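Q: Pasting a structure here, questions to come.
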Amino acid sequence: MDAAQQEATARARELQRNWYGEPLGALFRKLIDDLGLNQARLAAVLGLSAPMLSQLMSGQRAKIGNPAVVQRVQQLQDLAAQVADGSVSAAEAIERMEEIKKSQGGSVLSNTTQTTSNSGAPTVKRVVREIQSLLRSVAAAGDIIEAADSLAPTHPELAEFLRVYGAGRTSDAVAHYQSHQS
C-alpha cells in the first residue's frame with residue numbers, strides 16, 4: 001500500500017470513528033466475536049455483499065450508504081449486548097439475527113420495543129446511539145462541528161451538544177448524557 005492509500009485509509013477510519021463511534025473494522029470484529037459469526041454471515045445479516053463488508057472493515061470505504069444497514073448494525077450491537085448480559089440465549093440470538101436480516105430499516109430511531117432493556121426502560125447507551133444516529137443521518141461530522149463553532153459564541157451548551165453527539169465518541173456522549181440527567 002502506497003502513502004496515498006495509507007492516508008486515504010486513515011482518513012476513512014477517522015470518518016468512521018466520527019460517524020459510528022469507532023472504525024467499522026473494530027465494530028464489525030466485535031459483532032463477529034460477540035455473536036459467533038464469520039464475515040460472510042455478518043454481511044448476509046446486514047444486507048451487504050462480502051466485498052463491501054471487507055472494504056468497510058479495511059477502510060477502503062468510509063460510509064455505509066444504506067440507512068437500513070446502519071439500523072441493522074445498531075440492532076446487532078443491541079443484540080450482542082443482550083447476549084453478553086445473559087438476557088438473550090445463543091439460540092434466541094440466532095432467531096433474532098434472522099429477524100434483523102429481514103428488517104427493512106425505516107426511520108432512524110428504532111421503536112421502543114427494540115430499544116428497551118428487560119426493565120422496560122431504554123438504556124443510556126441506546127438512547128445516546130439513537131441521538132448520534134439521528135444527527136449523523138442529517139449531516140456529516142465536519143458540518144456538525146462547523147455548525148457548533150458558529151453557535152458557540154451565543155449558545156455554548158447547544159454547541160457542546162452538537163460536538164459531543166454529532167462528532168464525538170459514544171463514551172463521551174454517554175458521560176454527557178448522564179451528567180445532564182436530574
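Simple scheme: letters A, B, ... for chains in C-alpha cells order, numbers from 1 for residues in each chain, numbers from 1 for ligands in the order shown.
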Name the residues in contact with range 57-66 of chain A at a cut-off of 8 Å, using only C-alpha atoms, excluding same-chain residues fewer than 6 positions from it; report them as a JSON list (two decimals) with all heavy atoms, in the first residue's frame.

A:
[["chain", "number", "residue", "atom", "x", "y", "z"],
["A", 8, "ALA", "N", -5.49, 7.70, 2.72],
["A", 8, "ALA", "CA", -6.92, 7.57, 2.44],
["A", 8, "ALA", "C", -7.59, 6.61, 3.43],
["A", 8, "ALA", "O", -8.70, 6.88, 3.92],
["A", 8, "ALA", "CB", -7.15, 7.10, 1.00],
["A", 9, "THR", "N", -6.91, 5.51, 3.73],
["A", 9, "THR", "CA", -7.44, 4.55, 4.70],
["A", 9, "THR", "C", -7.53, 5.17, 6.09],
["A", 9, "THR", "O", -8.54, 5.02, 6.79],
["A", 9, "THR", "CB", -6.57, 3.28, 4.73],
["A", 9, "THR", "OG1", -6.60, 2.68, 3.43],
["A", 9, "THR", "CG2", -7.06, 2.28, 5.76],
["A", 10, "ALA", "N", -6.51, 5.90, 6.50],
["A", 10, "ALA", "CA", -6.52, 6.56, 7.81],
["A", 10, "ALA", "C", -7.66, 7.58, 7.88],
["A", 10, "ALA", "O", -8.35, 7.69, 8.90],
["A", 10, "ALA", "CB", -5.18, 7.23, 8.08],
["A", 12, "ALA", "N", -10.46, 7.52, 6.10],
["A", 12, "ALA", "CA", -11.73, 6.79, 6.13],
["A", 12, "ALA", "C", -12.01, 6.27, 7.53],
["A", 12, "ALA", "O", -13.14, 6.35, 8.03],
["A", 12, "ALA", "CB", -11.70, 5.63, 5.13],
["A", 13, "ARG", "N", -10.99, 5.75, 8.21],
["A", 13, "ARG", "CA", -11.19, 5.24, 9.57],
["A", 13, "ARG", "C", -11.54, 6.37, 10.54],
["A", 13, "ARG", "O", -12.35, 6.18, 11.45],
["A", 13, "ARG", "CB", -9.96, 4.48, 10.03],
["A", 13, "ARG", "CG", -9.83, 3.15, 9.33],
["A", 13, "ARG", "CD", -8.72, 2.29, 9.91],
["A", 13, "ARG", "NE", -8.72, 0.99, 9.25],
["A", 13, "ARG", "CZ", -7.64, 0.40, 8.78],
["A", 13, "ARG", "NH1", -6.46, 0.95, 8.94],
["A", 13, "ARG", "NH2", -7.73, -0.77, 8.19],
["A", 15, "LEU", "N", -13.16, 9.14, 9.70],
["A", 15, "LEU", "CA", -14.56, 9.45, 9.39],
["A", 15, "LEU", "C", -15.48, 8.43, 10.04],
["A", 15, "LEU", "O", -16.51, 8.79, 10.62],
["A", 15, "LEU", "CB", -14.78, 9.49, 7.88],
["A", 15, "LEU", "CG", -14.20, 10.70, 7.14],
["A", 15, "LEU", "CD1", -14.26, 10.49, 5.63],
["A", 15, "LEU", "CD2", -14.92, 11.97, 7.54],
["A", 16, "GLN", "N", -15.12, 7.15, 9.94],
["A", 16, "GLN", "CA", -15.93, 6.11, 10.56],
["A", 16, "GLN", "C", -16.02, 6.33, 12.07],
["A", 16, "GLN", "O", -17.08, 6.18, 12.66],
["A", 16, "GLN", "CB", -15.35, 4.72, 10.28],
["A", 16, "GLN", "CG", -15.50, 4.28, 8.84],
["A", 16, "GLN", "CD", -14.79, 2.96, 8.55],
["A", 16, "GLN", "OE1", -14.00, 2.46, 9.34],
["A", 16, "GLN", "NE2", -15.10, 2.39, 7.39],
["A", 23, "PRO", "N", -13.92, 2.88, 14.34],
["A", 23, "PRO", "CA", -13.75, 2.37, 12.98],
["A", 23, "PRO", "C", -14.60, 1.11, 12.78],
["A", 23, "PRO", "O", -14.75, 0.30, 13.69],
["A", 23, "PRO", "CB", -12.25, 2.04, 12.90],
["A", 23, "PRO", "CG", -11.62, 2.90, 13.95],
["A", 23, "PRO", "CD", -12.65, 2.99, 15.05],
["A", 24, "LEU", "N", -15.15, 0.97, 11.58],
["A", 24, "LEU", "CA", -16.04, -0.16, 11.32],
["A", 24, "LEU", "C", -15.34, -1.51, 11.44],
["A", 24, "LEU", "O", -15.96, -2.50, 11.81],
["A", 24, "LEU", "CB", -16.71, -0.01, 9.96],
["A", 24, "LEU", "CG", -17.74, 1.12, 9.89],
["A", 24, "LEU", "CD1", -18.26, 1.29, 8.47],
["A", 24, "LEU", "CD2", -18.89, 0.89, 10.86],
["A", 25, "GLY", "N", -14.05, -1.55, 11.15],
["A", 25, "GLY", "CA", -13.32, -2.81, 11.32],
["A", 25, "GLY", "C", -13.42, -3.31, 12.76],
["A", 25, "GLY", "O", -13.72, -4.49, 13.01],
["A", 26, "ALA", "N", -13.20, -2.41, 13.72],
["A", 26, "ALA", "CA", -13.28, -2.78, 15.14],
["A", 26, "ALA", "C", -14.71, -3.12, 15.53],
["A", 26, "ALA", "O", -14.97, -4.12, 16.22],
["A", 26, "ALA", "CB", -12.75, -1.64, 16.01],
["A", 28, "PHE", "N", -17.21, -4.18, 13.58],
["A", 28, "PHE", "CA", -17.64, -5.44, 12.97],
["A", 28, "PHE", "C", -16.94, -6.64, 13.61],
["A", 28, "PHE", "O", -17.54, -7.70, 13.78],
["A", 28, "PHE", "CB", -17.42, -5.43, 11.46],
["A", 28, "PHE", "CG", -18.35, -4.51, 10.70],
["A", 28, "PHE", "CD1", -17.96, -3.95, 9.51],
["A", 28, "PHE", "CD2", -19.62, -4.20, 11.17],
["A", 28, "PHE", "CE1", -18.80, -3.10, 8.79],
["A", 28, "PHE", "CE2", -20.47, -3.37, 10.48],
["A", 28, "PHE", "CZ", -20.06, -2.81, 9.28]]

Q: Please, which residues in range 24-79 of chain A fall within 9 Å of range 130-140 of chain A when counting only C-alpha atoms, and what is the closest atom pair and distance in Å to one decimal for each, ordered by chain then residue number, as JSON lines?

A:
{"residue": "A:Pro67", "atom": "CA", "partner": "A:Ser137", "partner_atom": "CA", "distance": 8.0}
{"residue": "A:Val70", "atom": "CA", "partner": "A:Ser133", "partner_atom": "CA", "distance": 8.6}
{"residue": "A:Gln71", "atom": "CA", "partner": "A:Ser133", "partner_atom": "CA", "distance": 8.7}
{"residue": "A:Gln74", "atom": "CA", "partner": "A:Glu130", "partner_atom": "CA", "distance": 8.8}

Q: Go ahead and save the picked residues with N, CA and C atoms, as a PDB file, in the first residue's frame.

A:
ATOM      1  N   PRO A  67     -29.228   3.468   4.921  1.00  0.00           N
ATOM      2  CA  PRO A  67     -29.640   3.665   6.318  1.00  0.00           C
ATOM      3  C   PRO A  67     -30.203   2.401   6.959  1.00  0.00           C
ATOM      4  N   VAL A  70     -27.315   0.568   8.415  1.00  0.00           N
ATOM      5  CA  VAL A  70     -26.867   1.213   9.656  1.00  0.00           C
ATOM      6  C   VAL A  70     -27.784   0.797  10.809  1.00  0.00           C
ATOM      7  N   GLN A  71     -29.070   0.765  10.543  1.00  0.00           N
ATOM      8  CA  GLN A  71     -30.020   0.370  11.577  1.00  0.00           C
ATOM      9  C   GLN A  71     -29.805  -1.093  11.982  1.00  0.00           C
ATOM     10  N   GLN A  74     -26.928  -1.305  14.342  1.00  0.00           N
ATOM     11  CA  GLN A  74     -27.342  -0.919  15.697  1.00  0.00           C
ATOM     12  C   GLN A  74     -28.127  -2.044  16.372  1.00  0.00           C
TER      13      GLN A  74
END

Q: For range 145-160 of chain A, work out the shell of residues within 12 Å, counting only C-alpha atoms and skipping chain neighbours fewer than 2 positions away, then give it as a ChimeraX atom specification.

A: /A:18,135-136,139-143,162-168,172-173,176-177,180

Q: Tell me, as a list in words, which residues lie within 10 Å of Val69 in chain A, counting only C-alpha atoms; anything in the same chain fewer than 3 positions away does not count.

A: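 Those residues are Ala43, Val45, Leu46, Gly47, Leu48, Ile64, Gly65, Asn66, Arg72, Val73, Gln74, Gln75, Ile100, Lys101, Ser103, Gln104 and Gly105 of chain A.
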
Q: Save the residues we just selected, all heavy atoms, as a short mmCIF file (atom, residue, chain, number, x, y, z; two decimals), in the first residue's frame?

A:
data_model
loop_
_atom_site.label_atom_id
_atom_site.label_comp_id
_atom_site.auth_asym_id
_atom_site.auth_seq_id
_atom_site.Cartn_x
_atom_site.Cartn_y
_atom_site.Cartn_z
N ALA A 43 -22.11 -10.20 6.85
CA ALA A 43 -22.50 -9.48 5.63
C ALA A 43 -23.94 -9.84 5.24
O ALA A 43 -24.74 -8.96 4.90
CB ALA A 43 -21.54 -9.79 4.48
N VAL A 45 -26.41 -10.96 7.18
CA VAL A 45 -27.39 -10.41 8.14
C VAL A 45 -27.56 -8.91 7.90
O VAL A 45 -28.68 -8.39 7.96
CB VAL A 45 -26.95 -10.70 9.60
CG1 VAL A 45 -27.84 -9.95 10.59
CG2 VAL A 45 -26.99 -12.20 9.89
N LEU A 46 -26.46 -8.22 7.62
CA LEU A 46 -26.54 -6.77 7.42
C LEU A 46 -27.14 -6.39 6.07
O LEU A 46 -27.62 -5.28 5.90
CB LEU A 46 -25.14 -6.14 7.54
CG LEU A 46 -24.53 -6.17 8.94
CD1 LEU A 46 -23.11 -5.62 8.90
CD2 LEU A 46 -25.38 -5.39 9.93
N GLY A 47 -27.09 -7.31 5.11
CA GLY A 47 -27.58 -6.99 3.77
C GLY A 47 -26.52 -6.32 2.92
O GLY A 47 -26.82 -5.53 2.04
N LEU A 48 -25.27 -6.66 3.20
CA LEU A 48 -24.14 -6.15 2.42
C LEU A 48 -23.50 -7.31 1.67
O LEU A 48 -23.59 -8.46 2.11
CB LEU A 48 -23.06 -5.56 3.35
CG LEU A 48 -23.36 -4.31 4.12
CD1 LEU A 48 -22.25 -4.03 5.13
CD2 LEU A 48 -23.52 -3.13 3.18
N ILE A 64 -21.33 3.65 5.30
CA ILE A 64 -22.40 2.73 4.93
C ILE A 64 -23.47 3.59 4.28
O ILE A 64 -24.04 4.47 4.93
CB ILE A 64 -22.96 2.01 6.17
CG1 ILE A 64 -21.87 1.21 6.87
CG2 ILE A 64 -24.14 1.12 5.78
CD1 ILE A 64 -22.27 0.66 8.23
N GLY A 65 -23.73 3.36 3.02
CA GLY A 65 -24.64 4.23 2.28
C GLY A 65 -26.12 3.98 2.54
O GLY A 65 -26.94 4.86 2.38
N ASN A 66 -26.47 2.79 2.98
CA ASN A 66 -27.87 2.42 3.15
C ASN A 66 -28.28 2.58 4.61
O ASN A 66 -27.76 1.88 5.48
CB ASN A 66 -28.05 0.97 2.69
CG ASN A 66 -29.48 0.50 2.74
OD1 ASN A 66 -30.30 1.03 3.49
ND2 ASN A 66 -29.77 -0.53 1.96
N ARG A 72 -29.51 -1.96 11.01
CA ARG A 72 -29.24 -3.36 11.33
C ARG A 72 -27.98 -3.49 12.18
O ARG A 72 -27.91 -4.33 13.08
CB ARG A 72 -29.12 -4.20 10.06
CG ARG A 72 -30.45 -4.44 9.39
CD ARG A 72 -30.32 -5.42 8.19
NE ARG A 72 -31.40 -5.15 7.28
CZ ARG A 72 -31.26 -4.58 6.08
NH1 ARG A 72 -30.07 -4.28 5.60
NH2 ARG A 72 -32.32 -4.36 5.32
N VAL A 73 -26.96 -2.66 11.88
CA VAL A 73 -25.74 -2.66 12.71
C VAL A 73 -26.11 -2.33 14.15
O VAL A 73 -25.68 -3.00 15.10
CB VAL A 73 -24.69 -1.66 12.17
CG1 VAL A 73 -23.54 -1.49 13.16
CG2 VAL A 73 -24.14 -2.12 10.82
N GLN A 74 -26.93 -1.31 14.34
CA GLN A 74 -27.34 -0.92 15.70
C GLN A 74 -28.13 -2.04 16.37
O GLN A 74 -27.93 -2.32 17.56
CB GLN A 74 -28.18 0.36 15.66
CG GLN A 74 -27.36 1.57 15.27
CD GLN A 74 -28.22 2.80 15.04
OE1 GLN A 74 -29.34 2.72 14.55
NE2 GLN A 74 -27.68 3.96 15.39
N GLN A 75 -29.00 -2.70 15.62
CA GLN A 75 -29.78 -3.81 16.19
C GLN A 75 -28.85 -4.96 16.60
O GLN A 75 -29.05 -5.58 17.64
CB GLN A 75 -30.82 -4.30 15.18
CG GLN A 75 -31.94 -3.31 14.96
CD GLN A 75 -32.87 -3.72 13.82
OE1 GLN A 75 -32.47 -4.40 12.88
NE2 GLN A 75 -34.13 -3.29 13.90
N ILE A 100 -33.52 -9.57 12.19
CA ILE A 100 -32.76 -8.37 11.82
C ILE A 100 -32.45 -8.40 10.33
O ILE A 100 -32.59 -7.39 9.63
CB ILE A 100 -31.49 -8.25 12.68
CG1 ILE A 100 -31.86 -7.93 14.14
CG2 ILE A 100 -30.53 -7.21 12.11
CD1 ILE A 100 -30.72 -8.06 15.13
N LYS A 101 -32.04 -9.56 9.83
CA LYS A 101 -31.71 -9.71 8.41
C LYS A 101 -32.89 -9.33 7.53
O LYS A 101 -32.73 -8.70 6.49
CB LYS A 101 -31.29 -11.16 8.14
CG LYS A 101 -30.91 -11.47 6.72
CD LYS A 101 -30.50 -12.93 6.59
CE LYS A 101 -30.18 -13.28 5.17
NZ LYS A 101 -29.78 -14.70 5.04
N SER A 103 -35.34 -7.29 8.36
CA SER A 103 -35.88 -5.95 8.62
C SER A 103 -35.50 -4.99 7.50
O SER A 103 -34.40 -5.06 6.94
CB SER A 103 -35.39 -5.41 9.97
OG SER A 103 -34.02 -5.12 9.92
N GLN A 104 -36.41 -4.13 7.16
CA GLN A 104 -36.22 -3.21 6.05
C GLN A 104 -35.69 -1.85 6.49
O GLN A 104 -35.56 -0.94 5.70
CB GLN A 104 -37.54 -3.01 5.30
CG GLN A 104 -38.05 -4.28 4.65
CD GLN A 104 -37.07 -4.84 3.64
OE1 GLN A 104 -36.63 -4.15 2.74
NE2 GLN A 104 -36.70 -6.10 3.81
N GLY A 105 -35.45 -1.70 7.79
CA GLY A 105 -35.00 -0.39 8.25
C GLY A 105 -36.19 0.48 8.50
O GLY A 105 -37.14 0.07 9.13
#

Q: As a PyMOL selection string, please: all residues of chain A that backbone DSSP puts in helix (DSSP H, G or I).

A: chain A and resi 3-20+24-35+39-46+50-58+67-84+90-102+112-115+124-138+141-151+156-167+170-179

Q: So, counting only C-alpha atoms, which residue among A:Ile144, A:Ile32, A:Leu79, A:Ala68 is closest to Trp19 in chain A?

A: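 Checking each candidate against Trp19 in chain A, we get A:Ile144 as the closest.
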
Q: If we count only C-alpha atoms and set the cut-off at 12 Å, which residues sit around Gly36 in chain A, ignoring sequence neighbours fewer than 5 positions away in its own chain? Please answer as a list of chain:residue names.

A: A:Phe28, A:Arg29, A:Lys30, A:Leu31, A:Arg41, A:Leu42, A:Leu76, A:Ala80, A:Val83, A:Ala84, A:Ala90, A:Ala91, A:Ala93, A:Ile94, A:Met97

Q: Take the residues that were just selected and, keeping all heavy atoms, output them as an mmCIF file, in the first residue's frame.

A:
data_model
loop_
_atom_site.group_PDB
_atom_site.id
_atom_site.type_symbol
_atom_site.label_atom_id
_atom_site.label_comp_id
_atom_site.auth_asym_id
_atom_site.auth_seq_id
_atom_site.Cartn_x
_atom_site.Cartn_y
_atom_site.Cartn_z
ATOM 1 N N PHE A 28 -17.214 -4.181 13.577
ATOM 2 C CA PHE A 28 -17.645 -5.441 12.970
ATOM 3 C C PHE A 28 -16.938 -6.639 13.608
ATOM 4 O O PHE A 28 -17.540 -7.696 13.782
ATOM 5 C CB PHE A 28 -17.422 -5.430 11.459
ATOM 6 C CG PHE A 28 -18.351 -4.514 10.704
ATOM 7 C CD1 PHE A 28 -17.955 -3.948 9.505
ATOM 8 C CD2 PHE A 28 -19.619 -4.204 11.169
ATOM 9 C CE1 PHE A 28 -18.801 -3.099 8.792
ATOM 10 C CE2 PHE A 28 -20.474 -3.368 10.475
ATOM 11 C CZ PHE A 28 -20.059 -2.810 9.282
ATOM 12 N N ARG A 29 -15.639 -6.493 13.971
ATOM 13 C CA ARG A 29 -14.927 -7.594 14.626
ATOM 14 C C ARG A 29 -15.571 -7.928 15.982
ATOM 15 O O ARG A 29 -15.681 -9.092 16.354
ATOM 16 C CB ARG A 29 -13.437 -7.278 14.779
ATOM 17 C CG ARG A 29 -12.643 -7.628 13.513
ATOM 18 C CD ARG A 29 -11.142 -7.484 13.709
ATOM 19 N NE ARG A 29 -10.697 -6.102 13.724
ATOM 20 C CZ ARG A 29 -10.576 -5.327 12.654
ATOM 21 N NH1 ARG A 29 -10.861 -5.806 11.465
ATOM 22 N NH2 ARG A 29 -10.153 -4.086 12.755
ATOM 23 N N LYS A 30 -16.018 -6.887 16.703
ATOM 24 C CA LYS A 30 -16.708 -7.129 17.981
ATOM 25 C C LYS A 30 -17.993 -7.922 17.744
ATOM 26 O O LYS A 30 -18.295 -8.852 18.485
ATOM 27 C CB LYS A 30 -17.051 -5.803 18.674
ATOM 28 C CG LYS A 30 -15.902 -5.155 19.369
ATOM 29 C CD LYS A 30 -16.396 -3.908 20.096
ATOM 30 C CE LYS A 30 -15.300 -2.911 20.267
ATOM 31 N NZ LYS A 30 -15.780 -1.591 20.680
ATOM 32 N N LEU A 31 -18.760 -7.515 16.719
ATOM 33 C CA LEU A 31 -20.007 -8.234 16.420
ATOM 34 C C LEU A 31 -19.715 -9.681 16.040
ATOM 35 O O LEU A 31 -20.418 -10.598 16.476
ATOM 36 C CB LEU A 31 -20.778 -7.535 15.297
ATOM 37 C CG LEU A 31 -21.413 -6.201 15.647
ATOM 38 C CD1 LEU A 31 -22.054 -5.571 14.413
ATOM 39 C CD2 LEU A 31 -22.434 -6.343 16.766
ATOM 40 N N ARG A 41 -21.326 -14.398 7.101
ATOM 41 C CA ARG A 41 -22.621 -14.417 7.802
ATOM 42 C C ARG A 41 -23.001 -13.008 8.255
ATOM 43 O O ARG A 41 -24.162 -12.602 8.139
ATOM 44 C CB ARG A 41 -22.534 -15.372 8.999
ATOM 45 C CG ARG A 41 -23.771 -15.409 9.850
ATOM 46 C CD ARG A 41 -24.883 -16.234 9.226
ATOM 47 N NE ARG A 41 -26.000 -16.295 10.169
ATOM 48 C CZ ARG A 41 -27.240 -15.910 9.888
ATOM 49 N NH1 ARG A 41 -27.545 -15.507 8.681
ATOM 50 N NH2 ARG A 41 -28.168 -15.963 10.800
ATOM 51 N N LEU A 42 -22.036 -12.238 8.766
ATOM 52 C CA LEU A 42 -22.317 -10.866 9.171
ATOM 53 C C LEU A 42 -22.788 -10.048 7.969
ATOM 54 O O LEU A 42 -23.778 -9.316 8.057
ATOM 55 C CB LEU A 42 -21.087 -10.211 9.804
ATOM 56 C CG LEU A 42 -21.256 -8.737 10.208
ATOM 57 C CD1 LEU A 42 -22.358 -8.556 11.248
ATOM 58 C CD2 LEU A 42 -19.937 -8.179 10.735
ATOM 59 N N LEU A 76 -27.822 -5.234 15.788
ATOM 60 C CA LEU A 76 -26.871 -6.286 16.136
ATOM 61 C C LEU A 76 -26.047 -5.897 17.361
ATOM 62 O O LEU A 76 -25.736 -6.749 18.198
ATOM 63 C CB LEU A 76 -25.949 -6.607 14.961
ATOM 64 C CG LEU A 76 -26.557 -7.451 13.842
ATOM 65 C CD1 LEU A 76 -25.554 -7.642 12.709
ATOM 66 C CD2 LEU A 76 -27.052 -8.794 14.352
ATOM 67 N N ALA A 80 -25.917 -8.076 20.648
ATOM 68 C CA ALA A 80 -24.649 -8.526 21.241
ATOM 69 C C ALA A 80 -24.586 -8.157 22.720
ATOM 70 O O ALA A 80 -24.117 -8.960 23.547
ATOM 71 C CB ALA A 80 -23.467 -7.925 20.481
ATOM 72 N N VAL A 83 -26.791 -10.594 24.589
ATOM 73 C CA VAL A 83 -26.133 -11.901 24.713
ATOM 74 C C VAL A 83 -25.073 -11.817 25.814
ATOM 75 O O VAL A 83 -24.976 -12.705 26.665
ATOM 76 C CB VAL A 83 -25.510 -12.338 23.362
ATOM 77 C CG1 VAL A 83 -24.598 -13.541 23.552
ATOM 78 C CG2 VAL A 83 -26.607 -12.651 22.349
ATOM 79 N N ALA A 84 -24.321 -10.720 25.829
ATOM 80 C CA ALA A 84 -23.254 -10.545 26.821
ATOM 81 C C ALA A 84 -23.805 -10.486 28.246
ATOM 82 O O ALA A 84 -23.207 -11.038 29.170
ATOM 83 C CB ALA A 84 -22.440 -9.286 26.520
ATOM 84 N N ALA A 90 -27.968 -17.937 23.162
ATOM 85 C CA ALA A 90 -27.367 -18.089 21.829
ATOM 86 C C ALA A 90 -28.424 -18.518 20.813
ATOM 87 O O ALA A 90 -28.450 -18.025 19.681
ATOM 88 C CB ALA A 90 -26.226 -19.100 21.885
ATOM 89 N N ALA A 91 -29.323 -19.428 21.224
ATOM 90 C CA ALA A 91 -30.376 -19.887 20.303
ATOM 91 C C ALA A 91 -31.314 -18.733 19.953
ATOM 92 O O ALA A 91 -31.699 -18.570 18.782
ATOM 93 C CB ALA A 91 -31.158 -21.031 20.935
ATOM 94 N N ALA A 93 -30.527 -15.623 19.988
ATOM 95 C CA ALA A 93 -29.753 -14.675 19.175
ATOM 96 C C ALA A 93 -29.793 -15.062 17.709
ATOM 97 O O ALA A 93 -29.912 -14.194 16.837
ATOM 98 C CB ALA A 93 -28.308 -14.598 19.668
ATOM 99 N N ILE A 94 -29.743 -16.357 17.421
ATOM 100 C CA ILE A 94 -29.802 -16.816 16.029
ATOM 101 C C ILE A 94 -31.149 -16.441 15.414
ATOM 102 O O ILE A 94 -31.206 -15.935 14.292
ATOM 103 C CB ILE A 94 -29.548 -18.342 15.952
ATOM 104 C CG1 ILE A 94 -28.089 -18.633 16.324
ATOM 105 C CG2 ILE A 94 -29.876 -18.888 14.565
ATOM 106 C CD1 ILE A 94 -27.778 -20.100 16.550
ATOM 107 N N MET A 97 -31.224 -12.687 14.838
ATOM 108 C CA MET A 97 -30.423 -12.274 13.675
ATOM 109 C C MET A 97 -31.203 -12.482 12.385
ATOM 110 O O MET A 97 -31.094 -11.681 11.464
ATOM 111 C CB MET A 97 -29.085 -13.012 13.646
ATOM 112 C CG MET A 97 -28.082 -12.422 14.618
ATOM 113 S SD MET A 97 -26.434 -13.126 14.435
ATOM 114 C CE MET A 97 -26.568 -14.544 15.497
#

Q: For a test of reading the model, state the distance in Å between CA of Glu95 in chain A and CA of Ser49 in chain A, rounded to one decimal.

A: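 CA of Ser49 in chain A lies 21.2 Å from CA of Glu95 in chain A.
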
Q: In Å to one decimal, how far is CA of Leu53 in chain A from CA of Ala40 in chain A?

A: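 According to the coordinates, CA of Ala40 in chain A and CA of Leu53 in chain A are separated by 8.5 Å.
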
Q: For CA of Leu35 in chain A and CA of Gln178 in chain A, quote the distance in Å rounded to one decimal.

A: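 Atom-to-atom, CA of Leu35 in chain A to CA of Gln178 in chain A, that is 28.4 Å.
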
Q: With distances taken over only C-alpha atoms, which residue among A:Ala175, A:Val88, A:Ala81, A:Met52 lies nearest Asp34 in chain A?

A: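 Selected residue with least distance to Asp34 in chain A: A:Ala81.
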